>>> print(open('input.tsv').read())   # TSV, C-alpha atoms and all ligand atoms
chain	number	residue	atom	x	y	z
A	123	MET	CA	-11.43	20.74	15.34
A	124	SER	CA	-8.36	18.57	15.72
A	125	THR	CA	-6.79	18.41	19.17
A	126	GLN	CA	-3.36	17.69	17.68
A	127	PRO	CA	-0.63	20.32	18.11
A	128	GLU	CA	-0.38	22.57	15.08
A	129	HIS	CA	1.90	20.95	12.51
A	130	PRO	CA	2.57	21.01	8.78
A	131	THR	CA	0.15	18.76	6.89
A	132	LEU	CA	1.85	15.53	5.93
A	133	LEU	CA	0.92	14.87	2.31
A	134	ILE	CA	3.61	12.37	1.40
A	135	PRO	CA	2.54	8.95	0.11
A	136	GLY	CA	2.68	7.51	3.60
A	137	PRO	CA	2.69	7.86	6.50
A	138	ILE	CA	-0.37	10.06	6.14
A	139	GLU	CA	-2.20	12.41	8.50
A	140	PHE	CA	-4.01	10.53	11.27
A	141	ASP	CA	-7.46	11.15	12.67
A	142	ASP	CA	-7.62	12.29	16.32
A	143	ALA	CA	-9.67	9.28	17.42
A	144	VAL	CA	-7.12	6.89	15.90
A	145	LEU	CA	-4.23	8.60	17.69
A	146	GLN	CA	-6.16	8.75	20.96
A	147	SER	CA	-6.75	4.97	20.76
A	148	MET	CA	-3.03	4.54	21.21
A	149	SER	CA	-3.13	6.03	24.68
A	150	HIS	CA	-5.15	3.03	25.85
A	151	PHE	CA	-4.10	1.79	29.30
A	152	SER	CA	-1.84	-1.22	29.31
A	153	GLU	CA	-3.61	-4.54	29.11
A	154	SER	CA	-2.53	-8.13	28.75
A	155	HIS	CA	-2.19	-9.33	25.17
A	156	VAL	CA	-4.01	-12.50	26.24
A	157	GLY	CA	-6.66	-10.81	28.41
A	158	PRO	CA	-10.32	-10.90	27.31
A	159	GLY	CA	-10.55	-7.17	26.46
A	160	PHE	CA	-7.62	-7.20	24.05
A	161	VAL	CA	-8.47	-10.63	22.60
A	162	SER	CA	-11.87	-9.27	21.62
A	163	THR	CA	-10.37	-6.08	20.08
A	164	PHE	CA	-7.85	-8.11	18.06
A	165	GLY	CA	-10.53	-10.61	16.99
A	166	GLU	CA	-12.82	-7.81	15.77
A	167	THR	CA	-9.89	-6.18	13.94
A	168	LEU	CA	-9.18	-9.38	12.01
A	169	SER	CA	-12.87	-9.79	11.12
A	170	MET	CA	-13.03	-6.18	9.91
A	171	LEU	CA	-10.03	-6.81	7.65
A	172	ARG	CA	-12.07	-9.44	5.81
A	173	LYS	CA	-14.58	-6.68	4.98
A	174	LEU	CA	-11.89	-4.23	3.89
A	175	PHE	CA	-10.40	-6.83	1.52
A	176	GLN	CA	-13.90	-7.84	0.39
A	177	THR	CA	-13.51	-11.50	1.20
A	178	THR	CA	-16.23	-13.71	2.65
A	179	ASN	CA	-14.45	-16.96	1.87
A	180	PRO	CA	-13.77	-18.64	5.23
A	181	ALA	CA	-10.55	-20.09	3.77
A	182	SER	CA	-9.07	-16.58	3.46
A	183	GLN	CA	-6.70	-15.86	6.32
A	184	PRO	CA	-5.90	-12.37	7.65
A	185	PHE	CA	-2.66	-11.64	9.53
A	186	VAL	CA	-1.66	-8.58	11.56
A	187	ILE	CA	1.96	-8.81	12.66
A	188	SER	CA	4.20	-6.14	14.19
A	189	GLY	CA	6.44	-4.76	11.49
A	190	SER	CA	6.35	-2.37	8.56
A	191	GLY	CA	5.16	-2.97	5.00
A	192	THR	CA	8.45	-4.60	4.08
A	193	LEU	CA	7.63	-7.50	6.42
A	194	GLY	CA	4.85	-8.43	3.96
A	195	TRP	CA	7.51	-9.13	1.30
A	196	ASP	CA	9.39	-11.33	3.76
A	197	LEU	CA	6.19	-13.20	4.64
A	198	VAL	CA	5.64	-14.04	0.97
A	199	ALA	CA	9.29	-14.91	0.31
A	200	ALA	CA	9.75	-17.02	3.46
A	201	ASN	CA	6.42	-18.87	3.35
A	202	LEU	CA	5.14	-19.23	-0.20
A	203	VAL	CA	8.36	-19.79	-2.11
A	204	GLU	CA	10.95	-22.49	-1.56
A	205	PRO	CA	14.59	-22.03	-2.57
A	206	GLY	CA	15.02	-22.49	-6.32
A	207	GLU	CA	11.36	-21.92	-7.19
A	208	ASP	CA	10.49	-19.41	-9.89
A	209	VAL	CA	8.77	-16.10	-9.23
A	210	LEU	CA	7.67	-13.58	-11.86
A	211	VAL	CA	7.89	-10.00	-10.59
A	212	LEU	CA	6.03	-7.32	-12.55
A	213	SER	CA	8.08	-4.20	-11.97
A	214	THR	CA	6.68	-0.70	-12.01
A	215	GLY	CA	9.40	0.95	-9.96
A	216	TYR	CA	11.51	1.05	-6.82
A	217	PHE	CA	9.14	-0.96	-4.62
A	218	SER	CA	8.59	-3.76	-7.13
A	219	ASP	CA	12.38	-4.06	-7.40
A	220	GLY	CA	12.59	-4.17	-3.59
A	221	PHE	CA	10.12	-7.07	-3.52
A	222	ALA	CA	12.30	-8.86	-6.12
A	223	ASP	CA	15.43	-8.29	-3.99
A	224	CYS	CA	13.64	-9.66	-0.93
A	225	LEU	CA	12.53	-12.80	-2.81
A	226	ARG	CA	16.13	-13.41	-3.95
A	227	VAL	CA	17.37	-13.22	-0.35
A	228	TYR	CA	15.22	-16.29	0.42
A	229	GLY	CA	16.53	-18.21	-2.61
A	230	ALA	CA	13.75	-17.59	-5.15
A	231	GLN	CA	14.66	-17.60	-8.85
A	232	VAL	CA	13.31	-14.21	-9.84
A	233	THR	CA	12.41	-13.08	-13.35
A	234	GLU	CA	11.58	-9.37	-13.49
A	235	LEU	CA	9.39	-7.94	-16.24
A	236	LYS	CA	10.39	-4.30	-16.06
A	237	ALA	CA	8.29	-1.55	-17.60
A	238	PRO	CA	9.87	1.70	-18.78
A	239	VAL	CA	9.66	4.43	-16.11
A	240	GLY	CA	6.03	5.49	-15.73
A	241	GLY	CA	4.58	2.43	-17.48
A	242	ARG	CA	3.60	-1.08	-16.48
A	243	PRO	CA	4.25	-4.48	-18.06
A	244	GLN	CA	1.54	-5.20	-20.63
A	245	LEU	CA	-0.68	-8.30	-20.70
A	246	PRO	CA	0.79	-9.83	-23.91
A	247	GLU	CA	4.34	-9.81	-22.50
A	248	ILE	CA	3.08	-11.19	-19.19
A	249	GLU	CA	1.25	-13.95	-21.09
A	250	LYS	CA	4.44	-14.77	-23.02
A	251	ALA	CA	6.49	-14.97	-19.81
A	252	LEU	CA	3.87	-17.16	-18.11
A	253	SER	CA	3.73	-19.57	-21.02
A	254	GLU	CA	7.52	-19.98	-21.14
A	255	LYS	CA	8.02	-21.20	-17.57
A	256	ARG	CA	6.00	-22.48	-14.61
A	257	TYR	CA	6.03	-19.78	-11.96
A	258	LYS	CA	5.08	-20.66	-8.39
A	259	VAL	CA	4.24	-17.01	-7.64
A	260	LEU	CA	3.63	-13.80	-9.58
A	261	THR	CA	3.98	-10.50	-7.74
A	262	VAL	CA	2.47	-7.20	-8.75
A	263	THR	CA	2.76	-3.84	-7.00
A	264	HIS	CA	-0.76	-2.42	-7.10
A	265	VAL	CA	0.53	1.14	-6.75
A	266	ASP	CA	4.28	1.61	-6.96
A	267	THR	CA	4.80	4.53	-4.61
A	268	SER	CA	7.95	5.57	-6.46
A	269	THR	CA	6.08	6.30	-9.69
A	270	GLY	CA	2.38	6.50	-8.82
A	271	VAL	CA	1.75	3.78	-11.42
A	272	LEU	CA	-1.43	1.81	-10.77
A	273	SER	CA	-1.52	-1.79	-11.97
A	274	GLU	CA	-4.73	-3.36	-13.19
A	275	LEU	CA	-5.46	-6.45	-11.08
A	276	GLN	CA	-8.65	-7.94	-12.46
A	277	LYS	CA	-7.52	-8.49	-16.06
A	278	LEU	CA	-4.12	-9.62	-14.82
A	279	SER	CA	-5.74	-12.22	-12.58
A	280	ASP	CA	-7.98	-13.42	-15.42
A	281	LEU	CA	-4.89	-13.88	-17.56
A	282	VAL	CA	-2.93	-15.75	-14.89
A	283	HIS	CA	-5.88	-18.05	-14.18
A	284	ARG	CA	-6.22	-18.79	-17.90
A	285	VAL	CA	-2.54	-19.27	-18.81
A	286	SER	CA	-0.95	-20.49	-15.59
A	287	PRO	CA	-3.71	-21.47	-13.17
A	288	ASP	CA	-1.37	-22.85	-10.49
A	289	THR	CA	0.57	-19.61	-10.13
A	290	LEU	CA	-0.22	-17.72	-6.93
A	291	ILE	CA	-1.08	-14.04	-7.50
A	292	ILE	CA	0.46	-11.86	-4.81
A	293	VAL	CA	-0.25	-8.13	-4.63
A	294	ASP	CA	1.83	-5.50	-2.84
A	295	GLY	CA	-1.04	-3.31	-1.67
A	296	VAL	CA	1.00	-1.10	0.68
A	297	CYS	CA	0.01	2.04	-1.24
A	298	SER	CA	-3.43	0.87	-2.38
A	299	VAL	CA	-5.39	-0.95	0.32
A	300	ALA	CA	-8.19	1.38	1.55
A	301	CYS	CA	-7.86	3.86	-1.33
A	302	GLU	CA	-8.07	1.63	-4.42
A	303	GLU	CA	-10.69	-1.07	-4.89
A	304	ILE	CA	-9.48	-4.58	-4.10
A	305	ALA	CA	-12.03	-7.38	-4.46
A	306	PHE	CA	-10.00	-10.26	-3.01
A	307	ASP	CA	-12.54	-13.03	-3.74
A	308	ASP	CA	-14.00	-11.77	-7.01
A	309	TRP	CA	-10.59	-11.12	-8.51
A	310	LYS	CA	-9.28	-14.49	-7.26
A	311	LEU	CA	-6.19	-13.04	-5.59
A	312	ASP	CA	-3.96	-15.25	-3.42
A	313	GLY	CA	-2.31	-12.66	-1.26
A	314	VAL	CA	-2.37	-8.96	-0.57
A	315	VAL	CA	0.26	-7.51	1.74
A	316	THR	CA	-0.01	-4.01	3.13
A	317	ALA	CA	0.89	-1.78	6.07
A	318	SER	CA	-0.93	0.36	8.59
A	319	GLN	CA	0.46	3.84	7.82
A	320	LYS	CA	-0.95	4.62	4.39
A	321	ALA	CA	-4.59	4.72	3.31
A	322	ILE	CA	-5.69	2.65	6.31
A	323	GLY	CA	-4.69	5.66	8.42
A	324	CYS	CA	-3.09	4.01	11.46
A	325	PRO	CA	0.45	4.80	12.65
A	326	ALA	CA	3.29	2.73	11.18
A	327	GLY	CA	4.21	-0.55	12.82
A	328	LEU	CA	1.78	-3.16	11.54
A	329	SER	CA	2.18	-5.54	8.62
A	330	ILE	CA	-1.33	-6.45	7.47
A	331	SER	CA	-2.00	-9.23	5.00
A	332	MET	CA	-4.67	-11.51	3.58
A	333	PHE	CA	-3.91	-14.90	2.03
A	334	SER	CA	-6.26	-17.16	0.11
A	335	GLY	CA	-7.08	-20.79	0.85
A	336	ARG	CA	-4.79	-21.71	-2.07
A	337	ALA	CA	-1.90	-19.76	-0.59
A	338	MET	CA	-2.50	-21.35	2.82
A	339	GLU	CA	-2.44	-24.80	1.14
A	340	ALA	CA	0.85	-23.96	-0.57
A	341	LEU	CA	2.20	-23.05	2.87
A	342	GLN	CA	1.07	-26.38	4.33
A	343	LYS	CA	2.54	-28.33	1.38
A	344	ARG	CA	6.05	-26.85	1.70
A	345	LYS	CA	8.82	-29.41	1.83
A	346	ALA	CA	11.21	-27.14	3.73
A	347	PRO	CA	10.04	-25.27	6.84
A	348	PRO	CA	9.32	-21.52	6.36
A	349	ALA	CA	12.63	-19.71	6.05
A	350	SER	CA	11.94	-17.40	9.01
A	351	TYR	CA	11.03	-17.92	12.65
A	352	PHE	CA	9.28	-14.63	13.54
A	353	GLY	CA	7.88	-14.44	10.01
A	354	SER	CA	6.66	-18.04	9.85
A	355	LEU	CA	2.99	-18.06	8.90
A	356	LYS	CA	2.87	-21.59	10.30
A	357	ASN	CA	3.61	-20.04	13.69
A	358	TRP	CA	1.16	-17.14	13.22
A	359	THR	CA	-1.82	-18.96	11.67
A	360	PRO	CA	-3.14	-20.58	14.88
A	361	ILE	CA	-2.63	-17.29	16.73
A	362	MET	CA	-4.72	-15.32	14.24
A	363	GLN	CA	-7.37	-18.04	14.15
A	364	ASN	CA	-7.57	-18.10	17.93
A	365	TYR	CA	-7.87	-14.32	18.24
A	366	GLU	CA	-10.63	-14.32	15.66
A	367	ALA	CA	-12.39	-17.07	17.64
A	368	ARG	CA	-11.91	-14.81	20.72
A	369	LYS	CA	-9.49	-17.25	22.34
A	370	PRO	CA	-6.25	-16.12	23.97
A	371	SER	CA	-3.12	-17.26	22.19
A	372	TYR	CA	0.59	-16.45	22.17
A	373	PHE	CA	3.49	-16.74	19.76
A	374	ALA	CA	5.15	-13.30	20.02
A	375	THR	CA	3.79	-10.24	21.84
A	376	PRO	CA	1.61	-8.01	19.65
A	377	SER	CA	1.34	-4.24	20.22
A	378	PRO	CA	-2.03	-3.74	21.95
A	379	GLN	CA	-1.89	0.05	21.45
A	380	LEU	CA	-1.31	-0.21	17.71
A	381	ILE	CA	-4.04	-2.83	17.39
A	382	HIS	CA	-6.41	-0.45	19.18
A	383	ALA	CA	-5.51	2.27	16.68
A	384	LEU	CA	-6.05	-0.12	13.77
A	385	HIS	CA	-9.39	-1.17	15.24
A	386	THR	CA	-10.51	2.49	15.38
A	387	ALA	CA	-9.24	3.20	11.85
A	388	LEU	CA	-11.09	0.16	10.46
A	389	CYS	CA	-14.32	1.06	12.31
A	390	GLN	CA	-14.13	4.51	10.69
A	391	ILE	CA	-13.42	3.11	7.21
A	392	LEU	CA	-16.22	0.53	7.41
A	393	SER	CA	-18.77	2.98	8.81
A	394	LYS	CA	-19.42	4.05	5.20
A	395	PRO	CA	-19.69	2.01	2.01
A	396	LEU	CA	-16.26	1.13	0.62
A	397	ALA	CA	-17.41	2.12	-2.88
A	398	ALA	CA	-17.98	5.69	-1.65
A	399	ARG	CA	-14.48	5.77	-0.14
A	400	PHE	CA	-12.87	4.66	-3.40
A	401	ALA	CA	-15.02	7.13	-5.40
A	402	ARG	CA	-13.97	9.99	-3.08
A	403	HIS	CA	-10.27	9.15	-3.51
A	404	LYS	CA	-10.80	9.11	-7.28
A	405	GLU	CA	-12.65	12.44	-7.25
A	406	VAL	CA	-9.89	14.19	-5.25
A	407	SER	CA	-7.19	12.52	-7.34
A	408	ASP	CA	-8.84	13.72	-10.57
A	409	LYS	CA	-8.92	17.26	-9.21
A	410	ILE	CA	-5.22	17.18	-8.27
A	411	LYS	CA	-4.24	15.66	-11.60
A	412	SER	CA	-6.13	18.34	-13.50
A	413	VAL	CA	-4.31	21.06	-11.51
A	414	VAL	CA	-0.98	19.38	-12.32
A	415	ALA	CA	-1.91	19.37	-16.03
A	416	GLU	CA	-3.13	22.97	-15.85
A	417	LEU	CA	0.26	23.94	-14.43
A	418	GLY	CA	1.86	22.42	-17.51
A	419	LEU	CA	3.44	19.57	-15.52
A	420	ARG	CA	3.71	15.95	-16.60
A	421	GLN	CA	2.95	12.95	-14.39
A	422	ILE	CA	5.40	10.06	-14.17
A	423	ALA	CA	2.56	7.63	-14.96
A	424	GLY	CA	1.89	8.56	-18.57
A	425	ASP	CA	-1.38	6.75	-19.30
A	426	PRO	CA	-4.39	8.07	-17.31
A	427	ASN	CA	-5.52	4.45	-16.83
A	428	ASP	CA	-2.25	3.73	-15.03
A	429	GLN	CA	-2.47	6.62	-12.58
A	430	ALA	CA	-2.96	5.90	-8.87
A	431	HIS	CA	-5.77	7.58	-6.93
A	432	GLY	CA	-3.98	7.97	-3.60
A	433	MET	CA	-0.92	9.83	-4.84
A	434	THR	CA	0.36	11.88	-7.75
A	435	ALA	CA	4.00	11.87	-8.89
A	436	PHE	CA	4.98	14.59	-11.37
A	437	TYR	CA	8.09	15.96	-13.04
A	438	LEU	CA	9.30	19.37	-11.92
A	439	PRO	CA	9.54	22.11	-14.53
A	440	GLU	CA	12.93	22.74	-16.14
A	441	GLY	CA	15.06	24.80	-13.74
A	442	VAL	CA	13.04	24.03	-10.57
A	443	GLN	CA	14.77	21.75	-8.06
A	444	ALA	CA	12.97	19.65	-5.45
A	445	ALA	CA	15.51	20.91	-2.90
A	446	GLU	CA	14.23	24.44	-3.57
A	447	LEU	CA	10.49	23.74	-3.88
A	448	LEU	CA	9.94	21.31	-0.97
A	449	PRO	CA	11.20	23.70	1.77
A	450	LYS	CA	9.00	26.47	0.32
A	451	LEU	CA	5.99	24.15	0.55
A	452	ALA	CA	6.96	23.21	4.10
A	453	LYS	CA	7.02	26.92	5.05
A	454	LYS	CA	3.47	27.11	3.72
A	455	GLY	CA	2.54	24.22	5.99
A	456	VAL	CA	2.49	21.37	3.47
A	457	ILE	CA	4.92	18.47	3.20
A	458	PHE	CA	5.38	16.65	-0.11
A	459	ALA	CA	7.96	13.92	-0.80
A	460	GLY	CA	10.90	14.01	-3.18
A	461	GLY	CA	11.54	11.46	-5.91
A	462	ILE	CA	12.73	7.96	-5.07
A	463	HIS	CA	12.89	6.12	-8.43
A	464	ARG	CA	16.59	5.55	-9.09
A	465	GLU	CA	16.49	6.69	-12.74
A	466	ILE	CA	14.67	10.00	-12.21
A	467	ALA	CA	14.89	10.79	-8.48
A	468	PRO	CA	15.98	14.46	-8.60
A	469	LYS	CA	13.52	15.35	-11.36
A	470	TYR	CA	10.18	14.85	-9.64
A	471	VAL	CA	8.09	15.11	-6.46
A	472	ARG	CA	5.26	13.09	-4.93
A	473	PHE	CA	1.98	14.35	-3.46
A	474	GLY	CA	0.15	11.82	-1.28
A	475	HIS	CA	-3.63	12.12	-1.02
A	476	MET	CA	-5.02	9.30	1.07
A	477	GLY	CA	-7.20	8.91	4.14
A	478	VAL	CA	-8.55	11.75	6.28
A	479	SER	CA	-6.97	14.48	4.15
A	480	VAL	CA	-9.25	13.23	1.37
A	481	THR	CA	-12.32	11.97	3.22
A	482	ASP	CA	-12.66	14.98	5.55
A	483	PRO	CA	-12.93	18.11	3.36
A	484	SER	CA	-13.42	20.31	6.45
A	485	ARG	CA	-9.68	19.94	7.11
A	486	GLY	CA	-8.94	21.84	3.87
A	487	ASP	CA	-5.71	19.84	3.41
A	488	ILE	CA	-6.00	19.30	-0.33
A	489	ASP	CA	-6.98	22.86	-1.25
A	490	ARG	CA	-4.18	24.22	0.94
A	491	ALA	CA	-1.70	21.90	-0.78
A	492	ILE	CA	-2.85	22.92	-4.25
A	493	GLU	CA	-2.53	26.59	-3.35
A	494	ALA	CA	0.93	26.01	-1.83
A	495	LEU	CA	2.04	24.17	-4.97
A	496	ARG	CA	0.88	27.02	-7.25
A	497	SER	CA	2.53	29.76	-5.19
A	498	GLY	CA	5.64	27.68	-4.40
A	499	LEU	CA	6.32	27.10	-8.10
A	500	LEU	CA	5.79	30.76	-8.78
A	501	GLU	CA	8.35	31.66	-6.09
A	502	CYS	CA	10.77	29.22	-7.75
A	503	GLY	CA	10.44	31.34	-10.90
A	504	TYR	CA	8.20	29.03	-12.89
A	505	GLN	CA	6.64	31.25	-15.53
A	506	GLN	CA	3.82	28.95	-16.62
A	507	VAL	CA	2.22	29.56	-13.23
A	508	GLN	CA	2.33	33.32	-13.75
A	509	LYS	CA	0.46	32.83	-17.01
A	510	GLN	CA	-2.14	30.73	-15.24
A	511	THR	CA	-2.78	33.07	-12.32
B	1	LIG	C1	4.37	-0.11	-2.49
B	1	LIG	C2	5.20	-0.24	-1.27
B	1	LIG	N1	5.61	-1.45	-0.90
B	1	LIG	C3	6.36	-1.64	0.20
B	1	LIG	C4	6.73	-0.58	0.99
B	1	LIG	C5	7.56	-0.81	2.20
B	1	LIG	O1	6.82	-0.47	3.34
B	1	LIG	P1	7.51	0.01	4.69
B	1	LIG	O2	8.29	1.24	4.38
B	1	LIG	O3	6.35	0.25	5.61
B	1	LIG	O4	8.41	-1.09	5.14
B	1	LIG	C6	6.33	0.70	0.65
B	1	LIG	C7	6.72	1.87	1.47
B	1	LIG	O5	6.46	3.00	1.17
B	1	LIG	C8	5.54	0.87	-0.51
B	1	LIG	O6	5.12	2.09	-0.86
>>> encode(input="input.tsv", output="structure tokens", more="lines below")
Ligand SMILES: Cc1ncc(COP(=O)(O)O)c(C=O)c1O
Amino acid sequence: MSTQPEHPTLLIPGPIEFDDAVLQSMSHFSESHVGPGFVSTFGETLSMLRKLFQTTNPASQPFVISGSGTLGWDLVAANLVEPGEDVLVLSTGYFSDGFADCLRVYGAQVTELKAPVGGRPQLPEIEKALSEKRYKVLTVTHVDTSTGVLSELQKLSDLVHRVSPDTLIIVDGVCSVACEEIAFDDWKLDGVVTASQKAIGCPAGLSISMFSGRAMEALQKRKAPPASYFGSLKNWTPIMQNYEARKPSYFATPSPQLIHALHTALCQILSKPLAARFARHKEVSDKIKSVVAELGLRQIAGDPNDQAHGMTAFYLPEGVQAAELLPKLAKKGVIFAGGIHREIAPKYVRFGHMGVSVTDPSRGDIDRAIEALRSGLLECGYQQVQKQT
């Protein structure tokens, strides 16, 4: 039984519900950020991230820096791209466009390959773009949280390595790390940026990233210094390396309490095989998607191969407004998110299913949400539901 005060179940695509032990880790007594206890906790956390990202290559470098997921975009833009260099952004929605905007702020020349709403750029058009220009970096949003579109990384990486082998492959994994498979070494990725509050299951406030040896070389070879002081990976690299070597080090004060929570969350995730975790997210996602189909509703991500496993975004039936449905769900103790994609925002809602709500069936979160969705739609006058029930 959870010791948390009773509250509606947060089933938005991040932040997610947190496990009691993770939350309790945050009430750790204050300790020095350079004292031996915390240095060891931070060092272990960084080593565990290597396992989560499935990298054993010693050249891969993990970073945990105070900030939200957006800081990951800034890290890429400020450190891996120099003003005037070309970046190819594969856009599957609001968050891919945000990454593009961030890159432009730092002077990158951005080309966006935009898919129609609910789709993703296809390999032949990506190949064409890559063969027309030399791109320093390609970015892909693994799951665009605005659409629930899942991008395929392995075939994309194969293509980039074949057609444009010098291009660095950078993944926005904010809505995918710890619920979708990411094989950092095997898929030859150069960077994955994520955040603490989604499938990792730790409160918001940490930017978490992994960069390859190639990306770290590109950082070292820059002509201009990184275009950020706090976000300079040149400043953070020795700090992360020292913590992992269990040596005290300081550039800017980390949050010991959040690092404790992340440590607990990672211990929980790695206590079971990662493959089982990904399979469980897929199983629950399949169940939710079949209920959505049964209700006669259409997902934003049209092709089943492009559908994320940690969230489901679906169009509302004609005549049902999010502003009417979401408060009804909240009264039933379940919180979903409204739409966020600029072109379709009022027409759809998002159901997040990541972390403990998925891995701990004894909580009953998912079944309660499905039941709330069925009865909430019915109360909004949706007839299809009446036929179903
Ligand atoms: C795919 C994706 N990228 C980036 C972000 C930005 O992260 P944050 O809101 O933690 O800054 C989000 C936030 O939801 C996201 O879903």
>>> residues_around(input="input.tsv", residues="range 412-415 of chain A", least_positions_apart="3", cutoff="12 Å", atoms="only C-alpha atoms", output="number ranges by chain")
A: 405-409, 418-422, 424, 426, 434-439, 471-473, 488-489, 491-493, 495-496, 499, 506-507, 510
>>> atom_distance(input="input.tsv", atom1="CA of Thr163 in chain A", atom2="CA of Asn364 in chain A")
12.5 Å
>>> closest_residue(input="input.tsv", among="A:Leu260, A:Val211, A:Cys389, A:Val271", to="ligand LIG 1 (chain B)", atoms="all atoms listed in the file")
A:Val271
>>> residues_around(input="input.tsv", residues="Ile134 in chain A", least_positions_apart="4", cutoff="7 Å", atoms="all atoms listed in the file", output="JSON, numbers by chain")
{"A": [138, 457, 458, 459, 472, 473, 474]}
>>> closest_residue(input="input.tsv", among="A:Arg485, A:Arg336, A:Lys345, A:Lys404", to="Asn427 in chain A", atoms="only C-alpha atoms")
A:Lys404
>>> residues_around(input="input.tsv", residues="Pro370 in chain A", least_positions_apart="4", cutoff="10 Å", atoms="only C-alpha atoms", output="ChimeraX atom specification")
/A:155-158,160-162,165,361-362,364-366
>>> residues_near_ligand(input="input.tsv", ligand="ligand LIG 1 (chain B)", cutoff="6 Å", atoms="only C-alpha atoms and all ligand atoms", output="JSON, numbers by chain")
{"A": [190, 191, 192, 217, 265, 266, 267, 294, 296, 297, 317]}
>>> closest_residue(input="input.tsv", among="A:Gly323, A:Pro246, A:Pro127, A:Gly461", to="Thr269 in chain A", atoms="all atoms listed in the file")
A:Gly461
>>> closest_residue(input="input.tsv", among="A:Val480, A:Leu388, A:Met332, A:Val285", to="Asp307 in chain A", atoms="all atoms listed in the file")
A:Met332
>>> atom_distance(input="input.tsv", atom1="CA of Phe373 in chain A", atom2="CA of Asp312 in chain A")
24.4 Å
>>> closest_residue(input="input.tsv", among="A:His129, A:Arg226, A:Lys450, A:Lys343", to="Cys502 in chain A", atoms="all atoms listed in the file")
A:Lys450
>>> atom_distance(input="input.tsv", atom1="CA of Ser188 in chain A", atom2="CA of Pro130 in chain A")
27.7 Å
>>> closest_residue(input="input.tsv", among="A:Asn179, A:Lys255, A:Lys369, A:His264", to="Lys310 in chain A", atoms="all atoms listed in the file")
A:Asn179
